[in-house]
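Participant: As input, take model-v2.cif (mmCIF, N, CA and C atoms):
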```cif
data_my_file
#
loop_
_atom_site.label_atom_id
_atom_site.label_comp_id
_atom_site.auth_asym_id
_atom_site.auth_seq_id
_atom_site.Cartn_x
_atom_site.Cartn_y
_atom_site.Cartn_z
N MET F 575 19.45 116.61 60.99
CA MET F 575 20.06 115.34 60.72
C MET F 575 21.57 115.52 60.67
N ALA F 576 22.30 114.55 61.12
CA ALA F 576 23.76 114.63 61.17
C ALA F 576 24.35 114.50 59.78
N ASP F 577 25.59 115.02 59.64
CA ASP F 577 26.30 114.89 58.37
C ASP F 577 26.56 113.42 58.08
N PRO F 578 26.35 112.96 56.85
CA PRO F 578 26.58 111.55 56.54
C PRO F 578 28.06 111.19 56.51
N THR F 579 28.94 112.18 56.27
CA THR F 579 30.37 111.89 56.23
C THR F 579 31.02 112.39 57.52
N PRO F 580 31.89 111.60 58.11
CA PRO F 580 32.55 112.05 59.34
C PRO F 580 33.52 113.18 59.04
N PRO F 581 33.73 114.08 60.00
CA PRO F 581 34.66 115.18 59.75
C PRO F 581 36.09 114.66 59.61
N GLN F 582 36.91 115.39 58.84
CA GLN F 582 38.28 114.98 58.62
C GLN F 582 39.13 115.15 59.88
N ASP F 583 38.89 116.21 60.63
CA ASP F 583 39.61 116.46 61.86
C ASP F 583 38.96 115.64 62.97
N PRO F 584 39.71 114.78 63.66
CA PRO F 584 39.09 113.94 64.68
C PRO F 584 38.51 114.72 65.85
N PHE F 585 38.98 115.96 66.06
CA PHE F 585 38.47 116.76 67.18
C PHE F 585 37.39 117.75 66.75
N GLU F 586 37.03 117.73 65.48
CA GLU F 586 36.01 118.66 64.98
C GLU F 586 34.68 118.46 65.70
N LEU F 587 34.34 117.22 66.00
CA LEU F 587 33.09 116.94 66.72
C LEU F 587 33.09 117.65 68.07
N PHE F 588 34.21 117.57 68.79
CA PHE F 588 34.30 118.23 70.09
C PHE F 588 34.23 119.74 69.96
N ARG F 589 34.88 120.25 68.95
CA ARG F 589 34.85 121.70 68.74
C ARG F 589 33.43 122.18 68.44
N ARG F 590 32.72 121.41 67.63
CA ARG F 590 31.33 121.78 67.32
C ARG F 590 30.44 121.64 68.54
N LEU F 591 30.71 120.64 69.36
CA LEU F 591 29.92 120.42 70.56
C LEU F 591 30.14 121.52 71.59
N TRP F 592 31.40 121.83 71.88
CA TRP F 592 31.73 122.76 72.95
C TRP F 592 31.88 124.19 72.47
N GLY F 593 32.15 124.39 71.20
CA GLY F 593 32.38 125.73 70.68
C GLY F 593 31.26 126.71 70.97
N PRO F 594 30.00 126.36 70.69
CA PRO F 594 28.91 127.31 70.94
C PRO F 594 28.75 127.66 72.41
N LEU F 595 29.23 126.80 73.30
CA LEU F 595 29.08 127.05 74.72
C LEU F 595 30.14 128.00 75.25
N GLY F 596 31.14 128.28 74.43
CA GLY F 596 32.20 129.18 74.87
C GLY F 596 33.21 128.52 75.78
N VAL F 597 33.22 127.20 75.81
CA VAL F 597 34.15 126.48 76.67
C VAL F 597 35.41 126.18 75.89
N PRO F 598 36.54 126.71 76.33
CA PRO F 598 37.77 126.41 75.60
C PRO F 598 38.20 124.97 75.85
N LEU F 599 38.79 124.37 74.87
CA LEU F 599 39.28 123.00 75.01
C LEU F 599 40.80 123.04 75.04
N PRO F 600 41.39 123.12 76.23
CA PRO F 600 42.84 123.17 76.27
C PRO F 600 43.42 121.88 75.73
N GLY F 601 44.43 122.01 74.94
CA GLY F 601 45.07 120.84 74.36
C GLY F 601 44.40 120.39 73.07
N MET F 602 43.14 120.72 72.87
CA MET F 602 42.45 120.31 71.66
C MET F 602 42.39 121.45 70.66
N ALA F 603 42.68 122.66 71.12
CA ALA F 603 42.71 123.79 70.20
C ALA F 603 44.03 123.74 69.43
N MET F 604 44.09 124.52 68.40
CA MET F 604 45.31 124.55 67.60
C MET F 604 46.47 125.05 68.47
N PRO F 605 47.56 124.32 68.50
CA PRO F 605 48.70 124.79 69.29
C PRO F 605 49.29 126.05 68.67
N THR F 606 49.83 126.89 69.52
CA THR F 606 50.41 128.13 69.03
C THR F 606 51.93 128.03 69.05
N LEU F 607 52.57 128.80 68.21
CA LEU F 607 54.02 128.85 68.18
C LEU F 607 54.55 130.13 68.82
N ASP F 608 53.63 130.96 69.32
CA ASP F 608 54.00 132.22 69.94
C ASP F 608 54.30 131.98 71.43
N PRO F 609 55.54 132.19 71.88
CA PRO F 609 55.88 131.96 73.29
C PRO F 609 55.07 132.82 74.26
N ALA F 610 54.72 134.02 73.85
CA ALA F 610 53.92 134.90 74.72
C ALA F 610 52.53 134.30 74.94
N GLU F 611 51.95 133.73 73.90
CA GLU F 611 50.63 133.10 74.02
C GLU F 611 50.70 131.87 74.91
N VAL F 612 51.78 131.11 74.78
CA VAL F 612 51.96 129.93 75.62
C VAL F 612 52.09 130.35 77.08
N GLU F 613 52.87 131.40 77.35
CA GLU F 613 53.02 131.91 78.71
C GLU F 613 51.68 132.38 79.27
N LYS F 614 50.88 133.05 78.42
CA LYS F 614 49.57 133.52 78.85
C LYS F 614 48.67 132.34 79.22
N ARG F 615 48.69 131.30 78.40
CA ARG F 615 47.88 130.11 78.69
C ARG F 615 48.33 129.44 79.98
N ILE F 616 49.64 129.36 80.18
CA ILE F 616 50.16 128.78 81.42
C ILE F 616 49.69 129.59 82.62
N ALA F 617 49.79 130.91 82.53
CA ALA F 617 49.35 131.77 83.62
C ALA F 617 47.86 131.61 83.89
N ASP F 618 47.06 131.53 82.83
CA ASP F 618 45.62 131.33 82.99
C ASP F 618 45.32 130.01 83.68
N LEU F 619 45.99 128.96 83.24
CA LEU F 619 45.75 127.65 83.85
C LEU F 619 46.23 127.60 85.29
N ARG F 620 47.32 128.30 85.61
CA ARG F 620 47.78 128.36 87.00
C ARG F 620 46.77 129.10 87.87
N SER F 621 46.14 130.12 87.31
CA SER F 621 45.10 130.84 88.06
C SER F 621 43.91 129.93 88.34
N VAL F 622 43.53 129.17 87.34
CA VAL F 622 42.42 128.22 87.52
C VAL F 622 42.80 127.17 88.54
N GLU F 623 44.04 126.67 88.47
CA GLU F 623 44.51 125.67 89.43
C GLU F 623 44.46 126.22 90.86
N ALA F 624 44.91 127.47 91.05
CA ALA F 624 44.88 128.09 92.38
C ALA F 624 43.45 128.21 92.89
N TRP F 625 42.54 128.62 92.01
CA TRP F 625 41.14 128.76 92.39
C TRP F 625 40.54 127.41 92.78
N LEU F 626 40.86 126.37 92.00
CA LEU F 626 40.35 125.04 92.32
C LEU F 626 40.93 124.52 93.63
N ASN F 627 42.22 124.77 93.87
CA ASN F 627 42.82 124.36 95.13
C ASN F 627 42.19 125.07 96.32
N MET F 628 41.90 126.36 96.15
CA MET F 628 41.25 127.11 97.22
C MET F 628 39.88 126.51 97.52
N ASN F 629 39.13 126.21 96.48
CA ASN F 629 37.81 125.61 96.68
C ASN F 629 37.91 124.22 97.29
N LEU F 630 38.91 123.45 96.87
CA LEU F 630 39.12 122.13 97.45
C LEU F 630 39.40 122.24 98.94
N ASN F 631 40.24 123.20 99.32
CA ASN F 631 40.52 123.40 100.74
C ASN F 631 39.28 123.83 101.51
N MET F 632 38.45 124.66 100.90
CA MET F 632 37.21 125.07 101.57
C MET F 632 36.29 123.87 101.78
N VAL F 633 36.22 122.99 100.81
CA VAL F 633 35.39 121.78 100.95
C VAL F 633 35.96 120.89 102.05
N ARG F 634 37.28 120.73 102.07
CA ARG F 634 37.92 119.92 103.12
C ARG F 634 37.62 120.48 104.50
N PHE F 635 37.75 121.80 104.66
CA PHE F 635 37.46 122.42 105.95
C PHE F 635 35.99 122.25 106.32
N SER F 636 35.11 122.33 105.36
CA SER F 636 33.69 122.13 105.63
C SER F 636 33.42 120.71 106.10
N ILE F 637 34.05 119.74 105.47
CA ILE F 637 33.89 118.34 105.86
C ILE F 637 34.43 118.14 107.27
N GLN F 638 35.61 118.69 107.54
CA GLN F 638 36.20 118.54 108.88
C GLN F 638 35.30 119.19 109.93
N GLY F 639 34.75 120.36 109.62
CA GLY F 639 33.84 121.03 110.55
C GLY F 639 32.60 120.20 110.82
N LEU F 640 32.04 119.61 109.78
CA LEU F 640 30.84 118.78 109.96
C LEU F 640 31.17 117.50 110.73
N GLU F 641 32.36 116.92 110.49
CA GLU F 641 32.76 115.74 111.25
C GLU F 641 32.92 116.08 112.72
N LEU F 642 33.49 117.24 113.02
CA LEU F 642 33.63 117.69 114.41
C LEU F 642 32.27 117.93 115.04
N GLN F 643 31.38 118.54 114.27
CA GLN F 643 30.02 118.77 114.77
C GLN F 643 29.32 117.45 115.05
N LYS F 644 29.48 116.49 114.18
CA LYS F 644 28.87 115.17 114.37
C LYS F 644 29.41 114.49 115.62
N ALA F 645 30.74 114.54 115.80
CA ALA F 645 31.35 113.93 116.99
C ALA F 645 30.86 114.61 118.26
N THR F 646 30.72 115.93 118.22
CA THR F 646 30.23 116.66 119.39
C THR F 646 28.80 116.27 119.71
N LEU F 647 27.95 116.19 118.70
CA LEU F 647 26.55 115.80 118.92
C LEU F 647 26.45 114.38 119.46
N GLN F 648 27.29 113.49 118.94
CA GLN F 648 27.27 112.12 119.44
C GLN F 648 27.73 112.06 120.89
N ALA F 649 28.73 112.85 121.24
CA ALA F 649 29.22 112.88 122.62
C ALA F 649 28.16 113.46 123.56
N MET F 650 27.49 114.52 123.10
CA MET F 650 26.42 115.12 123.93
C MET F 650 25.27 114.15 124.10
N ARG F 651 24.92 113.45 123.03
CA ARG F 651 23.83 112.48 123.10
C ARG F 651 24.20 111.33 124.04
N ALA F 652 25.44 110.88 123.96
CA ALA F 652 25.89 109.79 124.83
C ALA F 652 25.93 110.22 126.28
N ALA F 653 26.28 111.48 126.53
CA ALA F 653 26.35 111.98 127.91
C ALA F 653 24.96 112.15 128.52
N THR F 654 23.95 112.43 127.72
CA THR F 654 22.61 112.66 128.25
C THR F 654 21.76 111.41 128.31
N GLU F 655 22.20 110.34 127.67
CA GLU F 655 21.42 109.12 127.71
C GLU F 655 21.56 108.46 129.09
N PRO F 656 20.47 107.89 129.57
CA PRO F 656 20.57 107.20 130.86
C PRO F 656 21.46 105.97 130.72
N LYS F 657 22.26 105.75 131.76
CA LYS F 657 23.16 104.61 131.73
C LYS F 657 22.40 103.34 131.99
N LYS F 658 22.74 102.31 131.24
CA LYS F 658 22.09 101.02 131.40
C LYS F 658 23.01 100.14 132.23
N ASP F 659 22.53 99.75 133.42
CA ASP F 659 23.34 98.88 134.29
C ASP F 659 22.85 97.48 134.21
#
```
Please go through the file and, once you have read it, give me the structure as structure tokens.

Facilitator:
Amino acid sequence: MADPTPPQDPFELFRRLWGPLGVPLPGMAMPTLDPAEVEKRIADLRSVEAWLNMNLNMVRFSIQGLELQKATLQAMRAATEPKKD
């Protein structure tokens, strides 16, 4: 059963929800005053951004390849169909 009183920290619910899964909540975790830690977080997020961009480009290339394949199949189908006069 859930706690009858709401938590004092408005983000406590999210921390309890995501914490056991090991998913960090950027921006919702306690901010740090250590510049080295901030730089590390920036570097980590830039790495994730680069990885996501790479995957986005792979998806785009896959879509373009499938569109080209579709156009080729349609052209081949149109070329082999008997002409209607």

Participant: To one decimal place in Å, what is the distance between atom C of Leu640 of chain F and atom N of Ala652 of chain F?

Facilitator: 15.9 Å

Participant: Please, what distance in Å, to one decimal, runs between atom N of Gln643 of chain F and atom C of Asn631 of chain F?

Facilitator: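 It comes out at 15.9 Å.
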
Participant: Around all the atoms of segment 615-627 of chain F listed in the file, with 5 Å of room on each side, what axis-aligned box do you get, giving centre and edge lengths in Å to one decimal, as AutoDock Vina command-line options?

Facilitator:
```
--center_x 45.3 --center_y 128.1 --center_z 87.4 --size_x 19.8 --size_y 17.4 --size_z 27.9
```
